[in-house]
>>> print(open('my_file_15.pdb').read())   # PDB, C-alpha atoms, pLDDT in the B column
ATOM      1  CA  MET A  10     155.228  60.257  54.368  1.00 89.00           C
ATOM      2  CA  PRO A  11     151.455  60.539  54.692  1.00 94.00           C
ATOM      3  CA  VAL A  12     149.899  62.830  57.276  1.00 94.00           C
ATOM      4  CA  PRO A  13     149.136  61.002  60.556  1.00 92.00           C
ATOM      5  CA  GLN A  14     145.376  61.352  59.941  1.00 94.00           C
ATOM      6  CA  ALA A  15     145.564  59.365  56.683  1.00 95.00           C
ATOM      7  CA  ASP A  16     143.172  56.441  56.305  1.00 96.00           C
ATOM      8  CA  THR A  17     144.420  52.890  55.800  1.00 95.00           C
ATOM      9  CA  LEU A  18     142.771  49.724  54.589  1.00 95.00           C
ATOM     10  CA  VAL A  19     144.023  46.220  53.761  1.00 96.00           C
ATOM     11  CA  LEU A  20     142.947  44.921  50.347  1.00 97.00           C
ATOM     12  CA  LYS A  21     143.496  41.764  48.299  1.00 96.00           C
ATOM     13  CA  GLY A  22     145.988  42.178  45.490  1.00 97.00           C
ATOM     14  CA  ALA A  23     149.499  43.332  44.694  1.00 97.00           C
ATOM     15  CA  PRO A  24     150.516  46.927  45.514  1.00 98.00           C
ATOM     16  CA  GLY A  25     150.785  47.954  41.858  1.00 97.00           C
ATOM     17  CA  LYS A  26     147.314  46.602  41.119  1.00 97.00           C
ATOM     18  CA  ILE A  27     145.836  48.417  44.120  1.00 97.00           C
ATOM     19  CA  ALA A  28     147.493  51.697  43.045  1.00 98.00           C
ATOM     20  CA  ALA A  29     146.052  51.226  39.541  1.00 97.00           C
ATOM     21  CA  GLU A  30     142.593  50.598  41.021  1.00 97.00           C
ATOM     22  CA  ALA A  31     142.862  53.789  43.119  1.00 98.00           C
ATOM     23  CA  ALA A  32     143.993  55.858  40.108  1.00 98.00           C
ATOM     24  CA  SER A  33     141.154  54.443  38.010  1.00 97.00           C
ATOM     25  CA  TRP A  34     138.563  55.145  40.723  1.00 98.00           C
ATOM     26  CA  LEU A  35     139.719  58.753  41.165  1.00 98.00           C
ATOM     27  CA  THR A  36     139.713  59.357  37.407  1.00 97.00           C
ATOM     28  CA  ALA A  37     136.183  57.943  37.125  1.00 97.00           C
ATOM     29  CA  GLN A  38     135.070  60.465  39.766  1.00 95.00           C
ATOM     30  CA  GLY A  39     136.498  63.370  37.755  1.00 95.00           C
ATOM     31  CA  VAL A  40     139.553  63.865  39.987  1.00 96.00           C
ATOM     32  CA  THR A  41     142.589  64.339  37.726  1.00 96.00           C
ATOM     33  CA  VAL A  42     145.514  62.067  38.547  1.00 97.00           C
ATOM     34  CA  ALA A  43     148.782  63.982  38.166  1.00 96.00           C
ATOM     35  CA  ARG A  44     151.157  61.098  38.906  1.00 96.00           C
ATOM     36  CA  TRP A  45     150.840  57.424  39.435  1.00 94.00           C
ATOM     37  CA  SER A  46     153.263  54.584  39.253  1.00 96.00           C
ATOM     38  CA  GLU A  47     152.394  50.919  39.271  1.00 94.00           C
ATOM     39  CA  LYS A  48     156.031  50.116  40.077  1.00 96.00           C
ATOM     40  CA  ASP A  49     156.158  52.496  43.066  1.00 97.00           C
ATOM     41  CA  ALA A  50     152.502  51.806  43.954  1.00 98.00           C
ATOM     42  CA  TYR A  51     151.820  55.524  44.367  1.00 98.00           C
ATOM     43  CA  VAL A  52     149.048  57.867  43.198  1.00 98.00           C
ATOM     44  CA  GLU A  53     148.847  61.660  43.464  1.00 97.00           C
ATOM     45  CA  THR A  54     146.108  63.914  42.126  1.00 97.00           C
ATOM     46  CA  ARG A  55     146.240  67.487  40.961  1.00 95.00           C
ATOM     47  CA  TRP A  56     144.686  70.058  43.267  1.00 93.00           C
ATOM     48  CA  TYR A  57     140.939  69.497  43.080  1.00 94.00           C
ATOM     49  CA  ASP A  58     138.331  72.013  44.188  1.00 91.00           C
ATOM     50  CA  THR A  59     135.560  70.052  45.880  1.00 92.00           C
ATOM     51  CA  THR A  60     133.076  72.903  45.356  1.00 89.00           C
ATOM     52  CA  THR A  61     133.634  73.713  41.682  1.00 89.00           C
ATOM     53  CA  LYS A  62     134.751  70.153  40.734  1.00 86.00           C
ATOM     54  CA  GLN A  63     137.722  71.636  38.837  1.00 84.00           C
ATOM     55  CA  ALA A  64     141.312  70.404  38.858  1.00 83.00           C
ATOM     56  CA  ARG A  65     144.365  72.645  38.836  1.00 77.00           C
ATOM     57  CA  GLY A  66     148.090  72.098  38.734  1.00 73.00           C
ATOM     58  CA  GLY A  67     150.817  74.039  40.482  1.00 70.00           C
ATOM     59  CA  GLU A  68     149.714  75.622  43.745  1.00 66.00           C
ATOM     60  CA  GLY A  69     146.034  74.916  43.095  1.00 64.00           C
ATOM     61  CA  ASN A  70     143.331  77.543  43.265  1.00 58.00           C
ATOM     62  CA  LEU A  71     144.759  80.235  45.540  1.00 59.00           C
ATOM     63  CA  ASP A  72     141.323  81.881  45.775  1.00 62.00           C
ATOM     64  CA  ARG A  73     139.805  78.691  47.180  1.00 67.00           C
ATOM     65  CA  LEU A  74     142.459  77.226  49.465  1.00 69.00           C
ATOM     66  CA  LEU A  75     139.997  75.720  51.943  1.00 77.00           C
ATOM     67  CA  THR A  76     138.169  73.629  49.336  1.00 84.00           C
ATOM     68  CA  SER A  77     141.157  72.721  47.141  1.00 90.00           C
ATOM     69  CA  VAL A  78     142.467  69.273  48.055  1.00 95.00           C
ATOM     70  CA  LYS A  79     145.176  66.921  46.912  1.00 95.00           C
ATOM     71  CA  ILE A  80     144.823  63.177  47.392  1.00 97.00           C
ATOM     72  CA  ARG A  81     147.772  60.822  47.680  1.00 97.00           C
ATOM     73  CA  CYS A  82     147.748  57.027  47.930  1.00 98.00           C
ATOM     74  CA  TRP A  83     150.530  54.674  48.964  1.00 98.00           C
ATOM     75  CA  ALA A  84     150.106  50.922  48.486  1.00 98.00           C
ATOM     76  CA  ASP A  85     152.494  48.741  50.491  1.00 97.00           C
ATOM     77  CA  PRO A  86     152.723  44.965  50.922  1.00 97.00           C
ATOM     78  CA  ALA A  87     150.897  43.762  54.039  1.00 95.00           C
ATOM     79  CA  ALA A  88     150.703  39.946  53.985  1.00 92.00           C
ATOM     80  CA  PRO A  89     151.087  37.519  51.086  1.00 95.00           C
ATOM     81  CA  GLY A  90     148.493  38.539  48.494  1.00 95.00           C
ATOM     82  CA  GLN A  91     147.431  41.602  50.489  1.00 96.00           C
ATOM     83  CA  THR A  92     148.234  45.305  50.331  1.00 97.00           C
ATOM     84  CA  ARG A  93     147.792  48.100  52.848  1.00 97.00           C
ATOM     85  CA  ILE A  94     146.616  51.254  51.091  1.00 97.00           C
ATOM     86  CA  THR A  95     147.167  54.554  52.886  1.00 97.00           C
ATOM     87  CA  VAL A  96     145.208  57.527  51.554  1.00 98.00           C
ATOM     88  CA  GLU A  97     145.561  61.153  52.570  1.00 97.00           C
ATOM     89  CA  ALA A  98     143.554  64.185  51.547  1.00 97.00           C
ATOM     90  CA  VAL A  99     145.280  67.484  52.304  1.00 96.00           C
ATOM     91  CA  TYR A 100     144.654  71.181  51.789  1.00 92.00           C
ATOM     92  CA  ARG A 101     146.629  74.356  52.415  1.00 88.00           C
ATOM     93  CA  PRO A 102     144.984  76.686  54.929  1.00 84.00           C
ATOM     94  CA  SER A 103     147.243  79.561  53.859  1.00 80.00           C
ATOM     95  CA  TYR A 104     149.618  80.546  51.108  1.00 79.00           C
ATOM     96  CA  ASP A 105     153.174  81.303  52.181  1.00 79.00           C
ATOM     97  CA  PRO A 106     155.734  80.796  49.417  1.00 81.00           C
ATOM     98  CA  SER A 107     158.577  81.102  51.943  1.00 84.00           C
ATOM     99  CA  GLU A 108     157.698  77.649  53.318  1.00 85.00           C
ATOM    100  CA  PRO A 109     158.169  74.384  51.411  1.00 84.00           C
ATOM    101  CA  ALA A 110     154.881  73.425  49.751  1.00 80.00           C
ATOM    102  CA  ARG A 111     154.516  70.084  51.564  1.00 83.00           C
ATOM    103  CA  ASP A 112     155.051  71.793  54.947  1.00 85.00           C
ATOM    104  CA  ARG A 113     151.961  73.966  54.330  1.00 85.00           C
ATOM    105  CA  GLU A 114     149.668  70.961  53.836  1.00 90.00           C
ATOM    106  CA  VAL A 115     147.377  69.666  56.564  1.00 93.00           C
ATOM    107  CA  ALA A 116     144.805  66.887  56.652  1.00 95.00           C
ATOM    108  CA  VAL A 117     141.330  67.888  55.562  1.00 94.00           C
ATOM    109  CA  PRO A 118     138.822  68.027  58.418  1.00 92.00           C
ATOM    110  CA  LYS A 119     136.145  65.404  58.930  1.00 90.00           C
ATOM    111  CA  GLY A 120     132.994  66.205  57.010  1.00 90.00           C
ATOM    112  CA  SER A 121     134.845  68.035  54.226  1.00 92.00           C
ATOM    113  CA  GLY A 122     134.481  67.256  50.524  1.00 92.00           C
ATOM    114  CA  GLY A 123     138.005  65.878  50.302  1.00 93.00           C
ATOM    115  CA  ARG A 124     137.407  63.541  53.212  1.00 95.00           C
ATOM    116  CA  GLY A 125     134.213  62.350  51.535  1.00 95.00           C
ATOM    117  CA  ILE A 126     136.102  61.441  48.355  1.00 96.00           C
ATOM    118  CA  VAL A 127     138.595  59.346  50.354  1.00 96.00           C
ATOM    119  CA  GLN A 128     135.860  57.587  52.316  1.00 96.00           C
ATOM    120  CA  ARG A 129     133.858  56.749  49.175  1.00 96.00           C
ATOM    121  CA  MET A 130     136.969  55.458  47.411  1.00 97.00           C
ATOM    122  CA  LEU A 131     137.961  53.220  50.311  1.00 96.00           C
ATOM    123  CA  ALA A 132     134.407  51.911  50.686  1.00 96.00           C
ATOM    124  CA  ASP A 133     134.209  51.056  46.966  1.00 96.00           C
ATOM    125  CA  LEU A 134     137.645  49.418  46.936  1.00 97.00           C
ATOM    126  CA  ASN A 135     136.767  47.473  50.075  1.00 96.00           C
ATOM    127  CA  LYS A 136     133.574  46.152  48.453  1.00 95.00           C
ATOM    128  CA  ARG A 137     135.551  44.795  45.524  1.00 94.00           C
ATOM    129  CA  LEU A 138     138.935  43.941  47.019  1.00 95.00           C
ATOM    130  CA  GLY A 139     138.595  43.962  50.808  1.00 90.00           C
ATOM    131  CA  VAL A 140     140.088  41.089  52.768  1.00 83.00           C
ATOM    132  CA  ASN A 141     137.192  41.058  55.224  1.00 64.00           C
ATOM    133  CA  ARG A 142     134.375  40.884  52.724  1.00 55.00           C
ATOM    134  CA  ASP A 143     132.546  37.602  52.451  1.00 48.00           C
ATOM    135  CA  THR A 144     133.339  35.987  49.108  1.00 45.00           C
ATOM    136  CA  THR A 145     131.814  32.630  49.954  1.00 41.00           C
ATOM    137  CA  PRO A 146     128.796  31.854  47.792  1.00 43.00           C
ATOM    138  CA  PRO A 147     125.585  31.520  49.776  1.00 44.00           C
ATOM    139  CA  THR A 148     124.747  28.018  50.939  1.00 43.00           C
ATOM    140  CA  PRO A 149     121.614  26.644  49.325  1.00 46.00           C
ATOM    141  CA  PRO A 150     118.776  26.156  51.791  1.00 45.00           C
ATOM    142  CA  ARG A 151     118.515  22.711  53.288  1.00 48.00           C
ATOM    143  CA  THR A 152     115.501  20.671  52.443  1.00 45.00           C
ATOM    144  CA  SER A 153     114.008  18.021  54.623  1.00 44.00           C
ATOM    145  CA  PRO A 154     114.407  14.534  53.275  1.00 48.00           C
ATOM    146  CA  THR A 155     111.283  13.271  51.623  1.00 46.00           C
ATOM    147  CA  PRO A 156     109.720  10.467  53.603  1.00 47.00           C
ATOM    148  CA  PRO A 157     109.790   7.088  51.834  1.00 48.00           C
TER     149      PRO A 157
END
>>> encode(input="my_file_15.pdb", output="structure tokens")
Amino acid sequence: MPVPQADTLVLKGAPGKIAAEAASWLTAQGVTVARWSEKDAYVETRWYDTTTKQARGGEGNLDRLLTSVKIRCWADPAAPGQTRITVEAVYRPSYDPSEPARDREVAVPKGSGGRGIVQRMLADLNKRLGVNRDTTPPTPPRTSPTPP
């Protein structure tokens, strides 16, 4: 389950398509996607250091815990033709191998690099696939009828 502070957004499209769009967006930003499944509509990145712009597997960069983030996306059906995407960015404030890895993760704080990645991704996806964006072509200006 995502952390309670995860962001959500409703987009147009099937869950698998939305997950693919999220994976593609992250990859284009240089964030390495570790796992993604169109069938499960899920995306997970490797640990990504927002300062050095480097990705790492395993436990991430243990020397830079506060700037190493992992991003996960879940895409679930919302209404016909729409998907709710939930995106979390987490970090590990400490390293304690006696605890399960997922239990050590907490949501990144507002204003952090990881939070910025999530906000930019959701804004870009919303521009292209958002249900609330105006897709109606502009109405041509009316002209006054020409007098006979």
>>> resolve_selection(input="my_file_15.pdb", expression="the PyMOL selection byres ((chain A and resi 130) around 10)", output="JSON, numbers by chain")
{"A": [30, 31, 34, 35, 38, 96, 124, 125, 126, 127, 128, 129, 131, 132, 133, 134, 135, 136]}
>>> residues_near_point(input="my_file_15.pdb", point="(139.8, 66.9, 51.1)", cutoff="7 Å", atoms="all atoms listed in the file", output="JSON, numbers by chain")
{"A": [78, 79, 98, 99, 100, 117, 121, 122, 123, 124]}
>>> write_last_selection(input="my_file_15.pdb", atoms="C-alpha atoms", output="short mmCIF file (atom, residue, chain, number, x, y, z; two decimals), in the frame of the given file")
data_model
loop_
_atom_site.label_atom_id
_atom_site.label_comp_id
_atom_site.auth_asym_id
_atom_site.auth_seq_id
_atom_site.Cartn_x
_atom_site.Cartn_y
_atom_site.Cartn_z
CA VAL A 78 142.47 69.27 48.06
CA LYS A 79 145.18 66.92 46.91
CA ALA A 98 143.55 64.18 51.55
CA VAL A 99 145.28 67.48 52.30
CA TYR A 100 144.65 71.18 51.79
CA VAL A 117 141.33 67.89 55.56
CA SER A 121 134.84 68.04 54.23
CA GLY A 122 134.48 67.26 50.52
CA GLY A 123 138.00 65.88 50.30
CA ARG A 124 137.41 63.54 53.21
#
>>> resolve_selection(input="my_file_15.pdb", expression="the PyMOL selection byres ((chain A and resi 29) around 12)", output="count of residues only")
30
>>> resolve_selection(input="my_file_15.pdb", expression="the PyMOL selection byres ((chain A and resi 59) around 8)", output="compact mmCIF listing (two decimals) with C-alpha atoms, in the coordinates of the input")
# COMPACT_ATOMS: atom_id res chain seq x y z
CA TYR A 57 140.94 69.50 43.08
CA ASP A 58 138.33 72.01 44.19
CA THR A 60 133.08 72.90 45.36
CA THR A 61 133.63 73.71 41.68
CA LYS A 62 134.75 70.15 40.73
CA GLN A 63 137.72 71.64 38.84
CA THR A 76 138.17 73.63 49.34
CA SER A 77 141.16 72.72 47.14
CA VAL A 78 142.47 69.27 48.06
CA GLY A 122 134.48 67.26 50.52
CA GLY A 123 138.00 65.88 50.30
>>> axis_aligned_box(input="my_file_15.pdb", around="range 48-65 of chain A", padding_each_side="6 Å", output="lines of an AutoDock Vina configuration file")
center_x = 144.6
center_y = 61.9
center_z = 42.4
size_x = 35.1
size_y = 35.6
size_z = 19.0
>>> closest_residue(input="my_file_15.pdb", among="A:Ala116, A:Val140, A:Ala88, A:Val40", to="Asp16 in chain A", atoms="all atoms listed in the file")
A:Ala116
>>> atom_distance(input="my_file_15.pdb", atom1="CA of Ile80 in chain A", atom2="CA of Glu97 in chain A")
5.6 Å
>>> atom_distance(input="my_file_15.pdb", atom1="CA of Ala64 in chain A", atom2="CA of Leu18 in chain A")
26.0 Å
>>> atom_distance(input="my_file_15.pdb", atom1="CA of Val115 in chain A", atom2="CA of Gly66 in chain A")
18.0 Å
>>> build_atoms(input="my_file_15.pdb", residues="range 20-40 of chain A", atoms="N, CA and C atoms", output="PDB file, in the frame of the given file")
ATOM      1  N   LEU A  20     143.689  45.429  51.494  1.00 97.00           N
ATOM      2  CA  LEU A  20     142.947  44.921  50.347  1.00 97.00           C
ATOM      3  C   LEU A  20     143.653  43.703  49.762  1.00 97.00           C
ATOM      4  N   LYS A  21     142.922  42.912  48.993  1.00 96.00           N
ATOM      5  CA  LYS A  21     143.496  41.764  48.299  1.00 96.00           C
ATOM      6  C   LYS A  21     144.108  42.242  47.001  1.00 96.00           C
ATOM      7  N   GLY A  22     145.329  41.829  46.735  1.00 97.00           N
ATOM      8  CA  GLY A  22     145.988  42.178  45.490  1.00 97.00           C
ATOM      9  C   GLY A  22     147.384  42.720  45.730  1.00 97.00           C
ATOM     10  N   ALA A  23     148.136  42.808  44.651  1.00 97.00           N
ATOM     11  CA  ALA A  23     149.499  43.332  44.694  1.00 97.00           C
ATOM     12  C   ALA A  23     149.466  44.858  44.777  1.00 97.00           C
ATOM     13  N   PRO A  24     150.492  45.465  45.376  1.00 98.00           N
ATOM     14  CA  PRO A  24     150.516  46.927  45.514  1.00 98.00           C
ATOM     15  C   PRO A  24     150.305  47.688  44.208  1.00 98.00           C
ATOM     16  N   GLY A  25     150.953  47.269  43.138  1.00 97.00           N
ATOM     17  CA  GLY A  25     150.785  47.954  41.858  1.00 97.00           C
ATOM     18  C   GLY A  25     149.360  47.899  41.354  1.00 97.00           C
ATOM     19  N   LYS A  26     148.706  46.753  41.537  1.00 97.00           N
ATOM     20  CA  LYS A  26     147.314  46.602  41.119  1.00 97.00           C
ATOM     21  C   LYS A  26     146.405  47.507  41.950  1.00 97.00           C
ATOM     22  N   ILE A  27     146.660  47.583  43.245  1.00 97.00           N
ATOM     23  CA  ILE A  27     145.836  48.417  44.120  1.00 97.00           C
ATOM     24  C   ILE A  27     146.019  49.891  43.752  1.00 97.00           C
ATOM     25  N   ALA A  28     147.248  50.308  43.469  1.00 98.00           N
ATOM     26  CA  ALA A  28     147.493  51.697  43.045  1.00 98.00           C
ATOM     27  C   ALA A  28     146.750  51.989  41.744  1.00 98.00           C
ATOM     28  N   ALA A  29     146.766  51.043  40.810  1.00 97.00           N
ATOM     29  CA  ALA A  29     146.052  51.226  39.541  1.00 97.00           C
ATOM     30  C   ALA A  29     144.547  51.342  39.781  1.00 97.00           C
ATOM     31  N   GLU A  30     144.015  50.537  40.689  1.00 97.00           N
ATOM     32  CA  GLU A  30     142.593  50.598  41.021  1.00 97.00           C
ATOM     33  C   GLU A  30     142.238  51.967  41.624  1.00 97.00           C
ATOM     34  N   ALA A  31     143.102  52.477  42.500  1.00 98.00           N
ATOM     35  CA  ALA A  31     142.862  53.789  43.119  1.00 98.00           C
ATOM     36  C   ALA A  31     142.895  54.891  42.059  1.00 98.00           C
ATOM     37  N   ALA A  32     143.888  54.844  41.170  1.00 98.00           N
ATOM     38  CA  ALA A  32     143.993  55.858  40.108  1.00 98.00           C
ATOM     39  C   ALA A  32     142.771  55.807  39.200  1.00 98.00           C
ATOM     40  N   SER A  33     142.319  54.604  38.868  1.00 97.00           N
ATOM     41  CA  SER A  33     141.154  54.443  38.010  1.00 97.00           C
ATOM     42  C   SER A  33     139.890  54.970  38.702  1.00 97.00           C
ATOM     43  N   TRP A  34     139.736  54.682  39.987  1.00 98.00           N
ATOM     44  CA  TRP A  34     138.563  55.145  40.723  1.00 98.00           C
ATOM     45  C   TRP A  34     138.534  56.674  40.765  1.00 98.00           C
ATOM     46  N   LEU A  35     139.662  57.288  41.093  1.00 98.00           N
ATOM     47  CA  LEU A  35     139.719  58.753  41.165  1.00 98.00           C
ATOM     48  C   LEU A  35     139.393  59.385  39.815  1.00 98.00           C
ATOM     49  N   THR A  36     139.966  58.836  38.747  1.00 97.00           N
ATOM     50  CA  THR A  36     139.713  59.357  37.407  1.00 97.00           C
ATOM     51  C   THR A  36     138.231  59.249  37.054  1.00 97.00           C
ATOM     52  N   ALA A  37     137.613  58.134  37.403  1.00 97.00           N
ATOM     53  CA  ALA A  37     136.183  57.943  37.125  1.00 97.00           C
ATOM     54  C   ALA A  37     135.316  58.954  37.876  1.00 97.00           C
ATOM     55  N   GLN A  38     135.813  59.471  38.992  1.00 95.00           N
ATOM     56  CA  GLN A  38     135.070  60.465  39.766  1.00 95.00           C
ATOM     57  C   GLN A  38     135.334  61.887  39.282  1.00 95.00           C
ATOM     58  N   GLY A  39     136.195  62.043  38.281  1.00 95.00           N
ATOM     59  CA  GLY A  39     136.498  63.370  37.755  1.00 95.00           C
ATOM     60  C   GLY A  39     137.658  64.047  38.445  1.00 95.00           C
ATOM     61  N   VAL A  40     138.373  63.318  39.300  1.00 96.00           N
ATOM     62  CA  VAL A  40     139.553  63.865  39.987  1.00 96.00           C
ATOM     63  C   VAL A  40     140.766  63.529  39.122  1.00 96.00           C
TER      64      VAL A  40
END
